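Just query00.txt here, compact mmCIF, C-alpha atoms:
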# COMPACT_ATOMS: atom_id res chain seq x y z
CA MET A 6 1.46 7.87 18.46
CA VAL A 7 3.42 10.00 16.08
CA TYR A 8 2.05 11.42 12.84
CA ILE A 9 4.88 11.84 10.34
CA VAL A 10 4.50 14.56 7.72
CA SER A 11 7.14 13.43 5.23
CA TRP A 12 6.32 10.27 3.25
CA ASP A 13 9.98 9.34 2.69
CA GLU A 14 10.73 9.67 6.39
CA PHE A 15 7.72 7.50 7.23
CA VAL A 16 8.86 4.76 4.82
CA GLU A 17 12.46 4.81 6.06
CA ARG A 18 11.56 4.74 9.75
CA SER A 19 8.86 2.08 9.34
CA VAL A 20 11.24 -0.25 7.43
CA GLN A 21 13.87 0.28 10.16
CA LEU A 22 11.27 -0.46 12.85
CA PHE A 23 10.21 -3.65 11.10
CA ARG A 24 13.79 -4.83 10.57
CA ALA A 25 14.63 -4.21 14.23
CA ASP A 26 11.78 -6.48 15.41
CA PRO A 27 10.13 -8.40 12.53
CA HIS A 28 8.20 -10.70 14.83
CA SER A 29 6.15 -8.12 16.73
CA SER A 30 5.94 -5.38 14.07
CA ARG A 31 2.79 -4.97 12.03
CA TYR A 32 1.60 -2.64 9.25
CA ALA A 33 -2.01 -1.47 9.38
CA THR A 34 -4.09 0.53 6.91
CA LYS A 35 -7.36 2.31 7.70
CA TYR A 36 -9.56 3.74 4.97
CA ARG A 37 -12.68 5.85 5.58
CA ARG A 38 -14.51 6.59 2.35
CA CYS A 39 -17.12 8.81 4.06
CA ASP A 40 -14.37 11.16 5.34
CA GLY A 41 -12.03 10.59 2.40
CA LYS A 42 -9.11 9.74 4.69
CA LEU A 43 -6.36 7.14 4.65
CA VAL A 44 -4.19 6.39 7.70
CA LEU A 45 -1.16 4.10 7.72
CA LYS A 46 0.30 2.72 10.96
CA VAL A 47 3.47 0.74 11.63
CA THR A 48 4.08 -0.39 15.20
CA ASP A 49 6.07 -2.91 17.22
CA ASN A 50 3.82 -2.47 20.29
CA ARG A 51 6.39 -0.10 21.79
CA GLU A 52 6.82 2.60 19.17
CA CYS A 53 4.11 3.70 16.74
CA LEU A 54 4.56 5.56 13.45
CA LYS A 55 1.54 6.93 11.61
CA PHE A 56 0.91 8.71 8.34
CA ARG A 57 -2.43 10.26 7.43
CA THR A 58 -3.56 11.70 4.13
CA ASP A 59 -6.56 12.73 2.06
CA GLN A 60 -4.66 12.92 -1.27
CA ALA A 61 -5.26 10.46 -4.11
CA GLN A 62 -1.58 10.56 -5.11
CA ASP A 63 -0.67 8.89 -1.78
CA VAL A 64 -2.60 5.74 -2.75
CA ARG A 65 0.15 4.92 -5.29
CA LYS A 66 2.82 5.51 -2.66
CA MET A 67 0.92 3.25 -0.27
CA GLU A 68 0.85 0.48 -2.90
CA LYS A 69 4.64 0.69 -3.19
CA LEU A 70 4.91 0.44 0.60
CA ASN A 71 2.56 -2.59 0.51
CA ASN A 72 4.95 -4.26 -1.95
CA ILE A 73 7.91 -3.45 0.28
CA PHE A 74 6.23 -4.97 3.34
CA PHE A 75 5.06 -8.08 1.47
CA THR A 76 8.66 -8.65 0.32
CA LEU A 77 10.09 -8.08 3.80
CA MET A 78 7.55 -10.31 5.52
CA ILE A 79 7.73 -13.23 3.11
CA ARG A 80 11.37 -13.22 2.11
CA GLY A 81 12.67 -12.09 5.48
CA PRO A 82 13.75 -8.78 7.08
CA ASP A 83 17.11 -8.90 5.29
CA ALA A 84 15.49 -9.07 1.84
CA ASP A 85 16.54 -6.56 -0.75
CA ILE A 86 13.61 -4.15 -1.06
CA SER A 87 15.30 -2.18 -3.79
CA GLU A 88 13.84 -4.76 -6.17
CA ALA A 89 10.40 -3.36 -5.49
CA SER A 90 11.52 0.18 -6.23
CA GLY A 91 14.27 -0.87 -8.64
CA LYS A 92 11.81 -2.28 -11.16
CA GLU A 93 10.07 1.07 -11.37
CA GLN A 94 13.39 2.88 -11.79
CA ALA A 95 14.30 0.47 -14.59
CA GLU A 96 11.02 1.16 -16.33
CA GLN A 97 11.38 4.95 -16.23
CA PRO A 98 14.60 5.32 -18.30
CA ALA A 99 13.21 2.82 -20.84
CA SER A 100 10.15 4.98 -21.39
CA LYS A 101 12.30 8.12 -21.78
CA LYS A 102 14.31 6.44 -24.55
CA GLY A 103 11.08 5.73 -26.40
CA ARG A 104 9.98 9.36 -26.21
CA GLY A 105 13.29 10.78 -27.45
CA ARG A 106 13.45 12.19 -31.01
CA ARG A 107 15.68 10.59 -33.57
CA GLN A 108 17.78 13.04 -35.54
CA MET B 12 -12.29 -14.36 12.86
CA VAL B 13 -12.49 -16.32 9.62
CA LEU B 14 -9.34 -17.37 7.78
CA LEU B 15 -9.94 -17.78 4.07
CA GLN B 16 -8.27 -18.77 0.82
CA PRO B 17 -6.73 -15.75 -0.95
CA ASP B 18 -9.40 -15.42 -3.67
CA PRO B 19 -12.42 -15.58 -1.31
CA PHE B 20 -10.51 -13.21 0.99
CA LEU B 21 -10.20 -10.66 -1.83
CA ASN B 22 -13.88 -11.09 -2.75
CA GLU B 23 -14.92 -10.53 0.86
CA LEU B 24 -12.57 -7.51 1.11
CA THR B 25 -14.23 -6.03 -1.99
CA SER B 26 -17.68 -6.45 -0.43
CA MET B 27 -16.39 -4.82 2.80
CA PHE B 28 -15.29 -1.75 0.84
CA GLU B 29 -18.65 -1.63 -0.95
CA ARG B 30 -20.56 -1.88 2.34
CA SER B 31 -18.61 0.97 3.98
CA THR B 32 -19.08 3.63 1.28
CA GLU B 33 -21.43 5.88 3.28
CA LYS B 34 -20.10 5.26 6.76
CA GLY B 35 -17.57 3.08 8.49
CA SER B 36 -13.91 2.18 7.96
CA VAL B 37 -11.98 -0.72 6.52
CA TRP B 38 -8.83 -1.78 8.35
CA VAL B 39 -6.24 -4.04 6.64
CA THR B 40 -3.25 -5.28 8.65
CA LEU B 41 -0.15 -7.12 7.46
CA LYS B 42 1.97 -9.10 9.91
CA ARG B 43 4.80 -11.57 9.65
CA SER B 44 3.80 -14.77 11.44
CA SER B 45 4.98 -18.35 11.71
CA MET B 46 1.39 -19.38 12.58
CA LYS B 47 2.78 -21.43 15.48
CA CYS B 48 2.63 -20.83 19.22
CA LYS B 49 5.62 -19.57 21.18
CA ALA B 50 6.35 -22.97 22.76
CA THR B 51 6.50 -24.71 19.39
CA ARG B 52 8.72 -21.98 17.99
CA LYS B 53 11.19 -22.25 20.88
CA LYS B 54 11.30 -26.03 20.47
CA MET B 55 12.04 -25.61 16.77
CA GLU B 56 14.76 -23.05 17.48
CA THR B 57 16.49 -25.30 20.02
CA ALA B 58 16.18 -28.26 17.63
CA GLY B 59 17.83 -26.16 14.90
CA GLU B 60 14.88 -26.38 12.54
CA THR B 61 14.22 -23.43 10.24
CA ILE B 62 10.95 -21.71 11.04
CA GLU B 63 8.94 -20.83 7.98
CA TYR B 64 7.33 -17.42 8.18
CA ARG B 65 4.22 -16.26 6.40
CA CYS B 66 2.50 -12.97 5.83
CA LEU B 67 -0.81 -12.84 7.67
CA VAL B 68 -3.30 -10.41 6.14
CA ARG B 69 -6.31 -9.39 8.23
CA ALA B 70 -9.23 -7.18 7.22
CA THR B 71 -12.14 -5.86 9.27
CA ASP B 72 -14.97 -3.35 9.00
CA GLY B 73 -15.46 -3.18 12.75
CA LYS B 74 -18.11 -5.91 12.74
CA LYS B 75 -16.64 -8.79 10.79
CA THR B 76 -13.00 -9.89 10.57
CA ILE B 77 -11.48 -11.97 7.78
CA SER B 78 -7.92 -13.08 7.19
CA THR B 79 -5.62 -14.99 4.88
CA SER B 80 -2.07 -16.22 5.12
CA VAL B 81 0.47 -15.79 2.31
CA LYS B 82 3.48 -18.13 2.37
CA ARG B 83 6.59 -18.72 0.31
CA THR B 84 6.24 -22.47 -0.39
CA PHE B 85 3.22 -24.74 -0.56
CA GLN B 86 3.01 -27.83 1.62
CA GLY B 87 -0.04 -30.08 1.56
CA SER B 88 0.73 -31.54 4.99
CA ASP B 89 0.24 -28.15 6.62
CA LEU B 90 -3.31 -27.95 5.29
CA MET B 91 -4.09 -31.30 6.91
CA TRP B 92 -2.75 -30.04 10.25
CA GLN B 93 -4.85 -26.94 10.05
CA GLU B 94 -8.02 -28.86 9.29
CA GLY B 95 -7.36 -31.00 12.38
CA GLU B 96 -7.00 -27.82 14.46
CA LYS B 97 -10.30 -26.60 13.02
CA LYS B 98 -12.15 -29.68 14.22
CA LYS B 99 -10.62 -29.44 17.68
CA ARG B 100 -11.35 -25.77 18.23
CA GLY B 101 -14.74 -25.82 16.54
CA CYS B 102 -14.25 -22.32 15.09
CA GLY B 103 -14.63 -21.41 11.42
CA ARG B 104 -10.97 -21.15 10.42
CA VAL B 105 -9.45 -22.11 7.10
CA LEU B 106 -5.81 -21.49 6.21
CA THR B 107 -4.40 -20.38 2.93
CA GLN B 108 -0.90 -21.01 1.65
CA LEU B 109 0.63 -19.62 -1.50
CA SER B 110 3.96 -20.16 -3.25
CA ALA B 111 6.43 -17.35 -3.87
CA ARG B 112 4.96 -16.71 -7.34
CA ASP B 113 1.44 -16.82 -5.94
CA TYR B 114 2.26 -14.17 -3.34
CA GLN B 115 3.08 -11.82 -6.20
CA LYS B 116 -0.24 -12.67 -7.82
CA PHE B 117 -1.98 -11.99 -4.51
CA GLN B 118 -0.03 -8.74 -4.20
CA ALA B 119 -1.16 -7.66 -7.68
CA SER B 120 -4.81 -8.62 -7.08
CA TYR B 121 -4.76 -6.88 -3.69
CA ALA B 122 -3.36 -3.71 -5.30
CA THR B 123 -6.13 -3.85 -7.94
CA VAL B 124 -8.82 -4.09 -5.23
CA LEU B 125 -7.33 -1.10 -3.37
CA LYS B 126 -7.04 1.04 -6.53
CA ALA B 127 -10.66 0.29 -7.42
CA HIS B 128 -12.04 1.28 -4.02
CA MET B 129 -9.73 3.99 -2.68
CA ASN B 130 -11.02 6.61 -5.06
CA ALA B 131 -12.71 9.06 -2.70
CA LEU B 132 -9.52 10.96 -1.88
CA LYS B 133 -8.73 14.46 -3.12
CA LYS B 134 -6.99 14.79 -6.45
CA ARG B 135 -3.84 16.82 -7.06
CA GLU B 136 -4.05 20.60 -6.74
CA ARG B 137 -1.57 21.14 -9.59
CA LYS B 138 -4.46 21.42 -12.03
CA ASP B 139 -5.74 24.46 -10.13
CA LYS B 140 -2.27 26.00 -10.22
CA LYS B 141 -2.08 25.45 -13.98
CA LYS B 142 -5.45 27.15 -14.46
CA THR B 143 -4.29 30.21 -12.48
CA ALA B 144 -1.01 30.29 -14.44
CA GLU B 145 -2.71 30.22 -17.85
CA PRO B 146 -4.71 33.48 -17.51
CA GLU B 147 -1.52 35.17 -16.20
CA LYS B 148 0.30 34.09 -19.36
CA LYS B 149 -2.53 35.40 -21.52
CA GLN B 150 -2.37 38.81 -19.79
CA ALA B 151 1.40 38.96 -20.31
CA SER B 152 1.09 38.14 -24.00
CA SER B 153 -1.65 40.74 -24.55
CA LYS B 154 0.50 43.48 -22.94
CA LYS B 155 3.40 42.67 -25.33
CA SER B 156 1.17 43.00 -28.44
CA GLU B 157 -0.04 46.56 -27.60
CA PRO B 158 3.26 48.48 -28.28
CA PHE B 159 3.35 46.94 -31.80
CA LYS B 160 -0.07 48.42 -32.58
CA LYS B 161 0.74 51.96 -31.37
CA PRO B 162 3.18 53.13 -34.14
CA ALA B 163 0.55 52.40 -36.88
CA PRO B 164 -1.90 55.30 -36.13
CA PRO B 165 0.75 58.17 -36.17
CA ALA B 166 1.89 57.00 -39.68
CA SER B 167 -1.68 57.24 -41.01
CA LYS B 168 -2.08 60.77 -39.52
CA ALA B 169 1.18 61.95 -41.16
CA SER B 170 -0.02 60.84 -44.63
CA GLN B 171 -3.17 63.00 -44.27
For this file, produce the structure as structure tokens.
Amino acid sequence: MVYIVSWDEFVERSVQLFRADPHSSRYATKYRRCDGKLVLKVTDNRECLKFRTDQAQDVRKMEKLNNIFFTLMIRGPDADISEASGKEQAEQPASKKGRGRRQ
Amino acid sequence: MVLLQPDPFLNELTSMFERSTEKGSVWVTLKRSSMKCKATRKKMETAGETIEYRCLVRATDGKKTISTSVKRTFQGSDLMWQEGEKKKRGCGRVLTQLSARDYQKFQASYATVLKAHMNALKKRERKDKKKTAEPEKKQASSKKSEPFKKPAPPASKASQ
């Protein structure tokens, strides 16, 4: 079992692991409220990638990863996951335009 | 293990989180599954039929396990097959199937349940850094104001 420190590395490697073997790969989440800890695990029964955290900001990142995995599992391993992250990127520049001052 | 419809699954998941506030864990697992045995799958592959995959969602608190299955398209005939399996095996299993739009609804509801219950984690430490930065700024601004005050007293002494 490997605990990965970088979130981006965890996401990239777990998506690669899933795409390599979509039938045997699974994504597990463990939440312990009494300890205030969240652990994410992606495995294909041969290799295991884990990410642990106690930070509230990682819950939002986990939700994005949930969306990515739902898309991959339902639409297929070749599905375009940039839609899940692309929507958020499309929303950000729109909000910046709204905040800009008109001169 | 009990397979449920998506809404009862989410209700049961909520009660699992509420039950494990003081001790215990909640595990949620997502897996891609065709919900068919290996022999059936191989037969379908050799026959050239497309195998329809679903997302199986399982949740457990260590004592009780619940699950639901999220699919791309809805087919009534599959529900009939699953009910037949239920009678044969005699176990409490019910299957759930959602359309592509419904899986997004499930995704949104699932995210809402998680946000509501995963609130015992530590918040960002940037607020502490801001608090330490503010008194430093105040000290810097007070040091700059002192030299402006100094030239005033010698002028008053010269007039006397």
Can you tell me, as a VMD selection string, what residues are no more than 12 Å from Val7 (chain A) when counting only C-alpha atoms, ignoring any on the same chain fewer than 5 positions away?
chain A and resid 15 18 to 19 44 to 48 51 to 57
If we count only C-alpha atoms, which residues of chain A reach to within 12 Å of chain B? Please list them as a ChimeraX atom specification.
/A:23-24,26-49,57-82,89
Got time to write the residues from that selection, C-alpha atoms, as a PDB file, in the frame of the given file?
ATOM      1  CA  PHE A  23      10.210  -3.650  11.100  1.00  0.00           C
ATOM      2  CA  ARG A  24      13.790  -4.830  10.570  1.00  0.00           C
ATOM      3  CA  ASP A  26      11.780  -6.480  15.410  1.00  0.00           C
ATOM      4  CA  PRO A  27      10.130  -8.400  12.530  1.00  0.00           C
ATOM      5  CA  HIS A  28       8.200 -10.700  14.830  1.00  0.00           C
ATOM      6  CA  SER A  29       6.150  -8.120  16.730  1.00  0.00           C
ATOM      7  CA  SER A  30       5.940  -5.380  14.070  1.00  0.00           C
ATOM      8  CA  ARG A  31       2.790  -4.970  12.030  1.00  0.00           C
ATOM      9  CA  TYR A  32       1.600  -2.640   9.250  1.00  0.00           C
ATOM     10  CA  ALA A  33      -2.010  -1.470   9.380  1.00  0.00           C
ATOM     11  CA  THR A  34      -4.090   0.530   6.910  1.00  0.00           C
ATOM     12  CA  LYS A  35      -7.360   2.310   7.700  1.00  0.00           C
ATOM     13  CA  TYR A  36      -9.560   3.740   4.970  1.00  0.00           C
ATOM     14  CA  ARG A  37     -12.680   5.850   5.580  1.00  0.00           C
ATOM     15  CA  ARG A  38     -14.510   6.590   2.350  1.00  0.00           C
ATOM     16  CA  CYS A  39     -17.120   8.810   4.060  1.00  0.00           C
ATOM     17  CA  ASP A  40     -14.370  11.160   5.340  1.00  0.00           C
ATOM     18  CA  GLY A  41     -12.030  10.590   2.400  1.00  0.00           C
ATOM     19  CA  LYS A  42      -9.110   9.740   4.690  1.00  0.00           C
ATOM     20  CA  LEU A  43      -6.360   7.140   4.650  1.00  0.00           C
ATOM     21  CA  VAL A  44      -4.190   6.390   7.700  1.00  0.00           C
ATOM     22  CA  LEU A  45      -1.160   4.100   7.720  1.00  0.00           C
ATOM     23  CA  LYS A  46       0.300   2.720  10.960  1.00  0.00           C
ATOM     24  CA  VAL A  47       3.470   0.740  11.630  1.00  0.00           C
ATOM     25  CA  THR A  48       4.080  -0.390  15.200  1.00  0.00           C
ATOM     26  CA  ASP A  49       6.070  -2.910  17.220  1.00  0.00           C
ATOM     27  CA  ARG A  57      -2.430  10.260   7.430  1.00  0.00           C
ATOM     28  CA  THR A  58      -3.560  11.700   4.130  1.00  0.00           C
ATOM     29  CA  ASP A  59      -6.560  12.730   2.060  1.00  0.00           C
ATOM     30  CA  GLN A  60      -4.660  12.920  -1.270  1.00  0.00           C
ATOM     31  CA  ALA A  61      -5.260  10.460  -4.110  1.00  0.00           C
ATOM     32  CA  GLN A  62      -1.580  10.560  -5.110  1.00  0.00           C
ATOM     33  CA  ASP A  63      -0.670   8.890  -1.780  1.00  0.00           C
ATOM     34  CA  VAL A  64      -2.600   5.740  -2.750  1.00  0.00           C
ATOM     35  CA  ARG A  65       0.150   4.920  -5.290  1.00  0.00           C
ATOM     36  CA  LYS A  66       2.820   5.510  -2.660  1.00  0.00           C
ATOM     37  CA  MET A  67       0.920   3.250  -0.270  1.00  0.00           C
ATOM     38  CA  GLU A  68       0.850   0.480  -2.900  1.00  0.00           C
ATOM     39  CA  LYS A  69       4.640   0.690  -3.190  1.00  0.00           C
ATOM     40  CA  LEU A  70       4.910   0.440   0.600  1.00  0.00           C
ATOM     41  CA  ASN A  71       2.560  -2.590   0.510  1.00  0.00           C
ATOM     42  CA  ASN A  72       4.950  -4.260  -1.950  1.00  0.00           C
ATOM     43  CA  ILE A  73       7.910  -3.450   0.280  1.00  0.00           C
ATOM     44  CA  PHE A  74       6.230  -4.970   3.340  1.00  0.00           C
ATOM     45  CA  PHE A  75       5.060  -8.080   1.470  1.00  0.00           C
ATOM     46  CA  THR A  76       8.660  -8.650   0.320  1.00  0.00           C
ATOM     47  CA  LEU A  77      10.090  -8.080   3.800  1.00  0.00           C
ATOM     48  CA  MET A  78       7.550 -10.310   5.520  1.00  0.00           C
ATOM     49  CA  ILE A  79       7.730 -13.230   3.110  1.00  0.00           C
ATOM     50  CA  ARG A  80      11.370 -13.220   2.110  1.00  0.00           C
ATOM     51  CA  GLY A  81      12.670 -12.090   5.480  1.00  0.00           C
ATOM     52  CA  PRO A  82      13.750  -8.780   7.080  1.00  0.00           C
ATOM     53  CA  ALA A  89      10.400  -3.360  -5.490  1.00  0.00           C
TER      54      ALA A  89
END
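Relative to CA of Leu21 (chain B), CA of Gly73 (chain B) is found at 17.2 Å.
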Report, in Å to a single decimal, how far apart CA of Ser120 (chain B) and CA of Gln16 (chain B) are.
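CA of Ser120 (chain B) lies at a distance of 13.3 Å from CA of Gln16 (chain B).
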If I take CA of Pro17 (chain B) and CA of Thr79 (chain B), how far is one from the other in Å, to one decimal?
6.0 Å
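Counting all atoms listed in the file, the residue from B:Met55, B:Asn22, B:Met12, B:Met27 that sits nearest to Ser78 (chain B) is B:Met12.
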